[in-house]
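In what follows, a single structure is set out as structure tokens and then discussed.
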Amino acid sequence: EVQLVESGGGTVQPGGSLRLSCAASGFTFSDFAMAWARQVLGKAPEWVSSINTEGVATYYKDSVQGRFTISRDNAKSTLYLQLNSLQTDDTAVYYCTRSLDWSSRGQGTQVTVSS
């Protein structure tokens, strides 16, 4: 059974930073590309970033390019998302997914950016 557990969210002021983690189990982590998505209550989810199996090729949504950094540790079966220069528009529940499979997401972690 695929299990993804996100953590690291919180409340920060604009300009602040957070590091999200996603612990994966139930599948061979190194065999799959991984992604982060976010969702604001009442709105459709949006893809934020993705990374290939080796951790070399990455994708970022335009609005987070240069501020967020995705990485992975295949030995630990863990996905990360470093969030810097956070803006109020980044407020959302953040989910990690196996590849771009929205149904594989975990429970999510809340990121709130507020002054």
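Starting from 1 in every chain, residues are counted up; chains themselves are A, B, ... following the order of the structure tokens, and ligands are numbered from 1 as listed.
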Might you pull out every residue within 12 Å of region 56-64 of chain A, with only C-alpha atoms counted and same-chain residues fewer than 3 positions away left off, and present them as a PDB file with all heavy atoms, in the first residue's frame?
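So around_29.pdb came out as:
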ATOM      1  N   ALA A  33       9.228   9.042 -10.151  1.00  0.00           N
ATOM      2  CA  ALA A  33       9.286  10.487 -10.007  1.00  0.00           C
ATOM      3  C   ALA A  33       8.313  10.873  -8.904  1.00  0.00           C
ATOM      4  O   ALA A  33       7.353  10.145  -8.612  1.00  0.00           O
ATOM      5  CB  ALA A  33       8.893  11.153 -11.320  1.00  0.00           C
ATOM      6  N   MET A  34       8.571  12.009  -8.281  1.00  0.00           N
ATOM      7  CA  MET A  34       7.723  12.479  -7.192  1.00  0.00           C
ATOM      8  C   MET A  34       7.352  13.945  -7.426  1.00  0.00           C
ATOM      9  O   MET A  34       8.029  14.657  -8.189  1.00  0.00           O
ATOM     10  CB  MET A  34       8.441  12.339  -5.851  1.00  0.00           C
ATOM     11  CG  MET A  34       8.783  10.914  -5.458  1.00  0.00           C
ATOM     12  SD  MET A  34       7.333   9.886  -5.121  1.00  0.00           S
ATOM     13  CE  MET A  34       6.691  10.674  -3.631  1.00  0.00           C
ATOM     14  N   ALA A  35       6.311  14.375  -6.758  1.00  0.00           N
ATOM     15  CA  ALA A  35       5.854  15.743  -6.973  1.00  0.00           C
ATOM     16  C   ALA A  35       5.243  16.325  -5.706  1.00  0.00           C
ATOM     17  O   ALA A  35       4.870  15.593  -4.786  1.00  0.00           O
ATOM     18  CB  ALA A  35       4.839  15.777  -8.110  1.00  0.00           C
ATOM     19  N   TRP A  36       5.171  17.635  -5.699  1.00  0.00           N
ATOM     20  CA  TRP A  36       4.450  18.382  -4.672  1.00  0.00           C
ATOM     21  C   TRP A  36       3.318  19.154  -5.347  1.00  0.00           C
ATOM     22  O   TRP A  36       3.512  19.745  -6.416  1.00  0.00           O
ATOM     23  CB  TRP A  36       5.353  19.377  -3.958  1.00  0.00           C
ATOM     24  CG  TRP A  36       6.336  18.771  -3.025  1.00  0.00           C
ATOM     25  CD1 TRP A  36       7.643  18.475  -3.275  1.00  0.00           C
ATOM     26  CD2 TRP A  36       6.106  18.405  -1.656  1.00  0.00           C
ATOM     27  NE1 TRP A  36       8.228  17.933  -2.168  1.00  0.00           N
ATOM     28  CE2 TRP A  36       7.316  17.882  -1.147  1.00  0.00           C
ATOM     29  CE3 TRP A  36       4.999  18.466  -0.808  1.00  0.00           C
ATOM     30  CZ2 TRP A  36       7.445  17.432   0.165  1.00  0.00           C
ATOM     31  CZ3 TRP A  36       5.130  18.024   0.495  1.00  0.00           C
ATOM     32  CH2 TRP A  36       6.343  17.504   0.965  1.00  0.00           C
ATOM     33  N   ALA A  37       2.176  19.135  -4.716  1.00  0.00           N
ATOM     34  CA  ALA A  37       1.036  19.923  -5.163  1.00  0.00           C
ATOM     35  C   ALA A  37       0.496  20.676  -3.956  1.00  0.00           C
ATOM     36  O   ALA A  37       0.836  20.354  -2.813  1.00  0.00           O
ATOM     37  CB  ALA A  37      -0.029  19.013  -5.752  1.00  0.00           C
ATOM     38  N   ARG A  38      -0.325  21.677  -4.209  1.00  0.00           N
ATOM     39  CA  ARG A  38      -0.944  22.407  -3.105  1.00  0.00           C
ATOM     40  C   ARG A  38      -2.386  22.712  -3.446  1.00  0.00           C
ATOM     41  O   ARG A  38      -2.761  22.776  -4.622  1.00  0.00           O
ATOM     42  CB  ARG A  38      -0.178  23.694  -2.794  1.00  0.00           C
ATOM     43  CG  ARG A  38      -0.185  24.730  -3.897  1.00  0.00           C
ATOM     44  CD  ARG A  38       0.769  25.878  -3.548  1.00  0.00           C
ATOM     45  NE  ARG A  38       0.752  26.929  -4.592  1.00  0.00           N
ATOM     46  CZ  ARG A  38       1.593  27.968  -4.595  1.00  0.00           C
ATOM     47  NH1 ARG A  38       2.509  28.096  -3.635  1.00  0.00           N
ATOM     48  NH2 ARG A  38       1.502  28.859  -5.554  1.00  0.00           N
ATOM     49  N   GLU A  46      -3.098  22.497  -7.488  1.00  0.00           N
ATOM     50  CA  GLU A  46      -2.156  22.879  -8.535  1.00  0.00           C
ATOM     51  C   GLU A  46      -0.802  22.232  -8.267  1.00  0.00           C
ATOM     52  O   GLU A  46      -0.380  22.118  -7.120  1.00  0.00           O
ATOM     53  CB  GLU A  46      -2.010  24.402  -8.619  1.00  0.00           C
ATOM     54  CG  GLU A  46      -1.528  25.073  -7.354  1.00  0.00           C
ATOM     55  CD  GLU A  46      -1.377  26.578  -7.504  1.00  0.00           C
ATOM     56  OE1 GLU A  46      -1.808  27.133  -8.536  1.00  0.00           O
ATOM     57  OE2 GLU A  46      -0.810  27.209  -6.588  1.00  0.00           O
ATOM     58  N   TRP A  47      -0.149  21.834  -9.350  1.00  0.00           N
ATOM     59  CA  TRP A  47       1.173  21.234  -9.215  1.00  0.00           C
ATOM     60  C   TRP A  47       2.196  22.329  -8.963  1.00  0.00           C
ATOM     61  O   TRP A  47       2.212  23.346  -9.657  1.00  0.00           O
ATOM     62  CB  TRP A  47       1.521  20.447 -10.473  1.00  0.00           C
ATOM     63  CG  TRP A  47       0.607  19.291 -10.673  1.00  0.00           C
ATOM     64  CD1 TRP A  47      -0.400  19.181 -11.583  1.00  0.00           C
ATOM     65  CD2 TRP A  47       0.570  18.080  -9.897  1.00  0.00           C
ATOM     66  NE1 TRP A  47      -1.055  17.997 -11.426  1.00  0.00           N
ATOM     67  CE2 TRP A  47      -0.481  17.285 -10.403  1.00  0.00           C
ATOM     68  CE3 TRP A  47       1.334  17.584  -8.831  1.00  0.00           C
ATOM     69  CZ2 TRP A  47      -0.803  16.040  -9.893  1.00  0.00           C
ATOM     70  CZ3 TRP A  47       1.014  16.348  -8.311  1.00  0.00           C
ATOM     71  CH2 TRP A  47      -0.036  15.584  -8.840  1.00  0.00           C
ATOM     72  N   VAL A  48       3.049  22.098  -7.989  1.00  0.00           N
ATOM     73  CA  VAL A  48       4.049  23.083  -7.599  1.00  0.00           C
ATOM     74  C   VAL A  48       5.421  22.716  -8.136  1.00  0.00           C
ATOM     75  O   VAL A  48       6.135  23.564  -8.671  1.00  0.00           O
ATOM     76  CB  VAL A  48       4.094  23.211  -6.066  1.00  0.00           C
ATOM     77  CG1 VAL A  48       5.230  24.133  -5.637  1.00  0.00           C
ATOM     78  CG2 VAL A  48       2.757  23.723  -5.535  1.00  0.00           C
ATOM     79  N   SER A  49       5.782  21.456  -7.992  1.00  0.00           N
ATOM     80  CA  SER A  49       7.125  21.042  -8.370  1.00  0.00           C
ATOM     81  C   SER A  49       7.156  19.532  -8.536  1.00  0.00           C
ATOM     82  O   SER A  49       6.338  18.818  -7.955  1.00  0.00           O
ATOM     83  CB  SER A  49       8.130  21.468  -7.282  1.00  0.00           C
ATOM     84  OG  SER A  49       9.450  21.148  -7.656  1.00  0.00           O
ATOM     85  N   SER A  50       8.122  19.062  -9.339  1.00  0.00           N
ATOM     86  CA  SER A  50       8.311  17.627  -9.493  1.00  0.00           C
ATOM     87  C   SER A  50       9.790  17.338  -9.691  1.00  0.00           C
ATOM     88  O   SER A  50      10.582  18.232 -10.014  1.00  0.00           O
ATOM     89  CB  SER A  50       7.492  17.082 -10.661  1.00  0.00           C
ATOM     90  OG  SER A  50       7.931  17.633 -11.885  1.00  0.00           O
ATOM     91  N   ILE A  51      10.153  16.084  -9.498  1.00  0.00           N
ATOM     92  CA  ILE A  51      11.555  15.688  -9.585  1.00  0.00           C
ATOM     93  C   ILE A  51      11.630  14.268 -10.130  1.00  0.00           C
ATOM     94  O   ILE A  51      10.781  13.424  -9.820  1.00  0.00           O
ATOM     95  CB  ILE A  51      12.223  15.801  -8.197  1.00  0.00           C
ATOM     96  CG1 ILE A  51      13.734  15.610  -8.274  1.00  0.00           C
ATOM     97  CG2 ILE A  51      11.592  14.831  -7.194  1.00  0.00           C
ATOM     98  CD1 ILE A  51      14.450  16.012  -6.976  1.00  0.00           C
ATOM     99  N   ASN A  52      12.642  14.015 -10.947  1.00  0.00           N
ATOM    100  CA  ASN A  52      12.735  12.683 -11.536  1.00  0.00           C
ATOM    101  C   ASN A  52      13.359  11.701 -10.548  1.00  0.00           C
ATOM    102  O   ASN A  52      13.697  12.041  -9.419  1.00  0.00           O
ATOM    103  CB  ASN A  52      13.497  12.733 -12.861  1.00  0.00           C
ATOM    104  CG  ASN A  52      14.998  12.959 -12.681  1.00  0.00           C
ATOM    105  OD1 ASN A  52      15.441  13.426 -11.645  1.00  0.00           O
ATOM    106  ND2 ASN A  52      15.766  12.643 -13.707  1.00  0.00           N
ATOM    107  N   THR A  53      13.502  10.461 -10.974  1.00  0.00           N
ATOM    108  CA  THR A  53      13.934   9.416 -10.048  1.00  0.00           C
ATOM    109  C   THR A  53      15.338   9.652  -9.500  1.00  0.00           C
ATOM    110  O   THR A  53      15.601   9.364  -8.332  1.00  0.00           O
ATOM    111  CB  THR A  53      13.906   8.037 -10.734  1.00  0.00           C
ATOM    112  OG1 THR A  53      14.687   8.087 -11.934  1.00  0.00           O
ATOM    113  CG2 THR A  53      12.479   7.625 -11.083  1.00  0.00           C
ATOM    114  N   ARG A  67      12.283  30.313  -5.711  1.00  0.00           N
ATOM    115  CA  ARG A  67      11.986  30.428  -4.273  1.00  0.00           C
ATOM    116  C   ARG A  67      11.878  29.054  -3.612  1.00  0.00           C
ATOM    117  O   ARG A  67      12.221  28.897  -2.447  1.00  0.00           O
ATOM    118  CB  ARG A  67      10.672  31.175  -4.065  1.00  0.00           C
ATOM    119  CG  ARG A  67      10.687  32.596  -4.603  1.00  0.00           C
ATOM    120  CD  ARG A  67       9.425  33.360  -4.171  1.00  0.00           C
ATOM    121  NE  ARG A  67       8.191  32.780  -4.688  1.00  0.00           N
ATOM    122  CZ  ARG A  67       7.215  32.310  -3.918  1.00  0.00           C
ATOM    123  NH1 ARG A  67       7.329  32.338  -2.588  1.00  0.00           N
ATOM    124  NH2 ARG A  67       6.109  31.807  -4.470  1.00  0.00           N
ATOM    125  N   PHE A  68      11.379  28.082  -4.334  1.00  0.00           N
ATOM    126  CA  PHE A  68      11.215  26.731  -3.807  1.00  0.00           C
ATOM    127  C   PHE A  68      12.266  25.809  -4.426  1.00  0.00           C
ATOM    128  O   PHE A  68      12.661  25.986  -5.581  1.00  0.00           O
ATOM    129  CB  PHE A  68       9.830  26.178  -4.157  1.00  0.00           C
ATOM    130  CG  PHE A  68       8.677  26.841  -3.455  1.00  0.00           C
ATOM    131  CD1 PHE A  68       8.836  27.976  -2.669  1.00  0.00           C
ATOM    132  CD2 PHE A  68       7.399  26.326  -3.591  1.00  0.00           C
ATOM    133  CE1 PHE A  68       7.771  28.584  -2.042  1.00  0.00           C
ATOM    134  CE2 PHE A  68       6.310  26.907  -2.968  1.00  0.00           C
ATOM    135  CZ  PHE A  68       6.509  28.040  -2.193  1.00  0.00           C
ATOM    136  N   THR A  69      12.698  24.820  -3.651  1.00  0.00           N
ATOM    137  CA  THR A  69      13.649  23.829  -4.137  1.00  0.00           C
ATOM    138  C   THR A  69      13.192  22.437  -3.748  1.00  0.00           C
ATOM    139  O   THR A  69      13.003  22.158  -2.557  1.00  0.00           O
ATOM    140  CB  THR A  69      15.059  24.072  -3.583  1.00  0.00           C
ATOM    141  OG1 THR A  69      15.490  25.392  -3.915  1.00  0.00           O
ATOM    142  CG2 THR A  69      16.038  23.061  -4.169  1.00  0.00           C
ATOM    143  N   ILE A  70      13.019  21.591  -4.733  1.00  0.00           N
ATOM    144  CA  ILE A  70      12.627  20.207  -4.487  1.00  0.00           C
ATOM    145  C   ILE A  70      13.872  19.336  -4.472  1.00  0.00           C
ATOM    146  O   ILE A  70      14.832  19.576  -5.213  1.00  0.00           O
ATOM    147  CB  ILE A  70      11.621  19.722  -5.559  1.00  0.00           C
ATOM    148  CG1 ILE A  70      10.999  18.384  -5.171  1.00  0.00           C
ATOM    149  CG2 ILE A  70      12.270  19.661  -6.937  1.00  0.00           C
ATOM    150  CD1 ILE A  70       9.834  17.964  -6.072  1.00  0.00           C
ATOM    151  N   SER A  71      13.870  18.332  -3.607  1.00  0.00           N
ATOM    152  CA  SER A  71      14.979  17.382  -3.560  1.00  0.00           C
ATOM    153  C   SER A  71      14.470  16.063  -3.017  1.00  0.00           C
ATOM    154  O   SER A  71      13.342  15.979  -2.523  1.00  0.00           O
ATOM    155  CB  SER A  71      16.131  17.926  -2.704  1.00  0.00           C
ATOM    156  OG  SER A  71      15.707  18.121  -1.369  1.00  0.00           O
ATOM    157  N   ARG A  72      15.310  15.052  -3.094  1.00  0.00           N
ATOM    158  CA  ARG A  72      14.908  13.748  -2.599  1.00  0.00           C
ATOM    159  C   ARG A  72      16.129  13.003  -2.088  1.00  0.00           C
ATOM    160  O   ARG A  72      17.249  13.230  -2.542  1.00  0.00           O
ATOM    161  CB  ARG A  72      14.220  12.936  -3.705  1.00  0.00           C
ATOM    162  CG  ARG A  72      15.109  12.598  -4.895  1.00  0.00           C
ATOM    163  CD  ARG A  72      14.290  12.027  -6.045  1.00  0.00           C
ATOM    164  NE  ARG A  72      13.687  10.744  -5.685  1.00  0.00           N
ATOM    165  CZ  ARG A  72      12.671  10.197  -6.353  1.00  0.00           C
ATOM    166  NH1 ARG A  72      12.137  10.823  -7.393  1.00  0.00           N
ATOM    167  NH2 ARG A  72      12.187   9.029  -5.965  1.00  0.00           N
ATOM    168  N   ASP A  73      15.867  12.109  -1.151  1.00  0.00           N
ATOM    169  CA  ASP A  73      16.894  11.219  -0.627  1.00  0.00           C
ATOM    170  C   ASP A  73      16.373   9.799  -0.815  1.00  0.00           C
ATOM    171  O   ASP A  73      15.540   9.333  -0.038  1.00  0.00           O
ATOM    172  CB  ASP A  73      17.154  11.521   0.858  1.00  0.00           C
ATOM    173  CG  ASP A  73      18.307  10.711   1.424  1.00  0.00           C
ATOM    174  OD1 ASP A  73      18.600   9.614   0.897  1.00  0.00           O
ATOM    175  OD2 ASP A  73      18.902  11.168   2.409  1.00  0.00           O
ATOM    176  N   LEU A  81      10.742  19.669   0.156  1.00  0.00           N
ATOM    177  CA  LEU A  81      10.480  20.910  -0.552  1.00  0.00           C
ATOM    178  C   LEU A  81      10.901  22.055   0.356  1.00  0.00           C
ATOM    179  O   LEU A  81      10.310  22.250   1.417  1.00  0.00           O
ATOM    180  CB  LEU A  81       9.005  21.047  -0.944  1.00  0.00           C
ATOM    181  CG  LEU A  81       8.689  22.239  -1.847  1.00  0.00           C
ATOM    182  CD1 LEU A  81       9.337  22.073  -3.219  1.00  0.00           C
ATOM    183  CD2 LEU A  81       7.174  22.433  -1.999  1.00  0.00           C
ATOM    184  N   GLN A  82      11.942  22.764  -0.057  1.00  0.00           N
ATOM    185  CA  GLN A  82      12.402  23.940   0.678  1.00  0.00           C
ATOM    186  C   GLN A  82      11.641  25.148   0.151  1.00  0.00           C
ATOM    187  O   GLN A  82      11.680  25.427  -1.053  1.00  0.00           O
ATOM    188  CB  GLN A  82      13.912  24.132   0.486  1.00  0.00           C
ATOM    189  CG  GLN A  82      14.473  25.360   1.162  1.00  0.00           C
ATOM    190  CD  GLN A  82      14.461  25.262   2.675  1.00  0.00           C
ATOM    191  OE1 GLN A  82      14.750  24.209   3.241  1.00  0.00           O
ATOM    192  NE2 GLN A  82      14.117  26.361   3.338  1.00  0.00           N
ATOM    193  N   LEU A  83      10.970  25.844   1.043  1.00  0.00           N
ATOM    194  CA  LEU A  83      10.178  27.001   0.673  1.00  0.00           C
ATOM    195  C   LEU A  83      10.843  28.254   1.242  1.00  0.00           C
ATOM    196  O   LEU A  83      10.929  28.401   2.458  1.00  0.00           O
ATOM    197  CB  LEU A  83       8.758  26.904   1.228  1.00  0.00           C
ATOM    198  CG  LEU A  83       7.770  25.896   0.630  1.00  0.00           C
ATOM    199  CD1 LEU A  83       8.221  24.460   0.845  1.00  0.00           C
ATOM    200  CD2 LEU A  83       6.389  26.093   1.220  1.00  0.00           C
ATOM    201  N   ASN A  84      11.332  29.117   0.390  1.00  0.00           N
ATOM    202  CA  ASN A  84      11.958  30.371   0.812  1.00  0.00           C
ATOM    203  C   ASN A  84      11.165  31.562   0.279  1.00  0.00           C
ATOM    204  O   ASN A  84      10.369  31.427  -0.658  1.00  0.00           O
ATOM    205  CB  ASN A  84      13.393  30.443   0.297  1.00  0.00           C
ATOM    206  CG  ASN A  84      14.296  29.389   0.903  1.00  0.00           C
ATOM    207  OD1 ASN A  84      14.101  28.936   2.026  1.00  0.00           O
ATOM    208  ND2 ASN A  84      15.309  28.997   0.151  1.00  0.00           N
ATOM    209  N   SER A  85      11.404  32.703   0.868  1.00  0.00           N
ATOM    210  CA  SER A  85      10.745  33.941   0.442  1.00  0.00           C
ATOM    211  C   SER A  85       9.237  33.733   0.303  1.00  0.00           C
ATOM    212  O   SER A  85       8.627  34.114  -0.709  1.00  0.00           O
ATOM    213  CB  SER A  85      11.339  34.422  -0.877  1.00  0.00           C
ATOM    214  OG  SER A  85      12.729  34.635  -0.762  1.00  0.00           O
ATOM    215  N   LEU A  86       8.654  33.158   1.310  1.00  0.00           N
ATOM    216  CA  LEU A  86       7.236  32.815   1.236  1.00  0.00           C
ATOM    217  C   LEU A  86       6.356  34.055   1.120  1.00  0.00           C
ATOM    218  O   LEU A  86       6.645  35.107   1.708  1.00  0.00           O
ATOM    219  CB  LEU A  86       6.835  31.976   2.444  1.00  0.00           C
ATOM    220  CG  LEU A  86       7.251  30.502   2.339  1.00  0.00           C
ATOM    221  CD1 LEU A  86       7.261  29.838   3.713  1.00  0.00           C
ATOM    222  CD2 LEU A  86       6.319  29.758   1.400  1.00  0.00           C
ATOM    223  N   GLN A  87       5.291  33.894   0.345  1.00  0.00           N
ATOM    224  CA  GLN A  87       4.334  34.972   0.109  1.00  0.00           C
ATOM    225  C   GLN A  87       2.952  34.519   0.589  1.00  0.00           C
ATOM    226  O   GLN A  87       2.694  33.322   0.709  1.00  0.00           O
ATOM    227  CB  GLN A  87       4.295  35.285  -1.383  1.00  0.00           C
ATOM    228  CG  GLN A  87       5.645  35.640  -1.973  1.00  0.00           C
ATOM    229  CD  GLN A  87       5.647  35.684  -3.491  1.00  0.00           C
ATOM    230  OE1 GLN A  87       4.648  35.378  -4.139  1.00  0.00           O
ATOM    231  NE2 GLN A  87       6.776  36.088  -4.063  1.00  0.00           N
ATOM    232  N   ASP A  89       0.300  34.337  -0.956  1.00  0.00           N
ATOM    233  CA  ASP A  89      -0.327  33.473  -1.970  1.00  0.00           C
ATOM    234  C   ASP A  89       0.151  32.027  -1.897  1.00  0.00           C
ATOM    235  O   ASP A  89      -0.420  31.157  -2.558  1.00  0.00           O
ATOM    236  CB  ASP A  89      -0.051  34.007  -3.375  1.00  0.00           C
ATOM    237  CG  ASP A  89      -0.859  35.248  -3.693  1.00  0.00           C
ATOM    238  OD1 ASP A  89      -1.765  35.573  -2.892  1.00  0.00           O
ATOM    239  OD2 ASP A  89      -0.593  35.890  -4.713  1.00  0.00           O
ATOM    240  N   ASP A  90       1.193  31.759  -1.119  1.00  0.00           N
ATOM    241  CA  ASP A  90       1.678  30.390  -0.956  1.00  0.00           C
ATOM    242  C   ASP A  90       0.883  29.628   0.098  1.00  0.00           C
ATOM    243  O   ASP A  90       1.098  28.426   0.278  1.00  0.00           O
ATOM    244  CB  ASP A  90       3.158  30.387  -0.564  1.00  0.00           C
ATOM    245  CG  ASP A  90       4.051  30.964  -1.648  1.00  0.00           C
ATOM    246  OD1 ASP A  90       3.816  30.670  -2.834  1.00  0.00           O
ATOM    247  OD2 ASP A  90       4.988  31.717  -1.292  1.00  0.00           O
ATOM    248  N   LEU A 100       2.606  11.998 -10.871  1.00  0.00           N
ATOM    249  CA  LEU A 100       1.553  13.026 -10.875  1.00  0.00           C
ATOM    250  C   LEU A 100       0.203  12.384 -10.582  1.00  0.00           C
ATOM    251  O   LEU A 100      -0.823  12.777 -11.137  1.00  0.00           O
ATOM    252  CB  LEU A 100       1.544  13.749 -12.226  1.00  0.00           C
ATOM    253  CG  LEU A 100       2.820  14.526 -12.560  1.00  0.00           C
ATOM    254  CD1 LEU A 100       2.697  15.179 -13.933  1.00  0.00           C
ATOM    255  CD2 LEU A 100       3.097  15.584 -11.509  1.00  0.00           C
TER     256      LEU A 100
END
Enumerate, as a PyMOL selection string, the complete set of residues in region 25-75 of chain A that a backbone-based DSSP assignment places in helix (DSSP H, G or I). chain A and resi 29-31+62-64
Based on DSSP run over this structure's backbone, return all residues of chain A in strand (DSSP E), as a PyMOL selection string. chain A and resi 3-7+10-12+18-25+34-39+46-51+58-60+68-73+78-83+92-98+109-113
Measuring between only C-alpha atoms, which one of A:Gln107, A:Asp101, A:Ala92, A:Pro45 shows the shortest distance to Val5 (chain A)?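 Among A:Gln107, A:Asp101, A:Ala92, A:Pro45, it is A:Gln107 that comes nearest to Val5 (chain A).
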Give me the residues within 8 Å of Ser104 (chain A) as JSON, numbers by chain, counting only C-alpha atoms and dropping any in the same chain fewer than 5 places off. {"A": [2, 3, 4, 97, 98]}
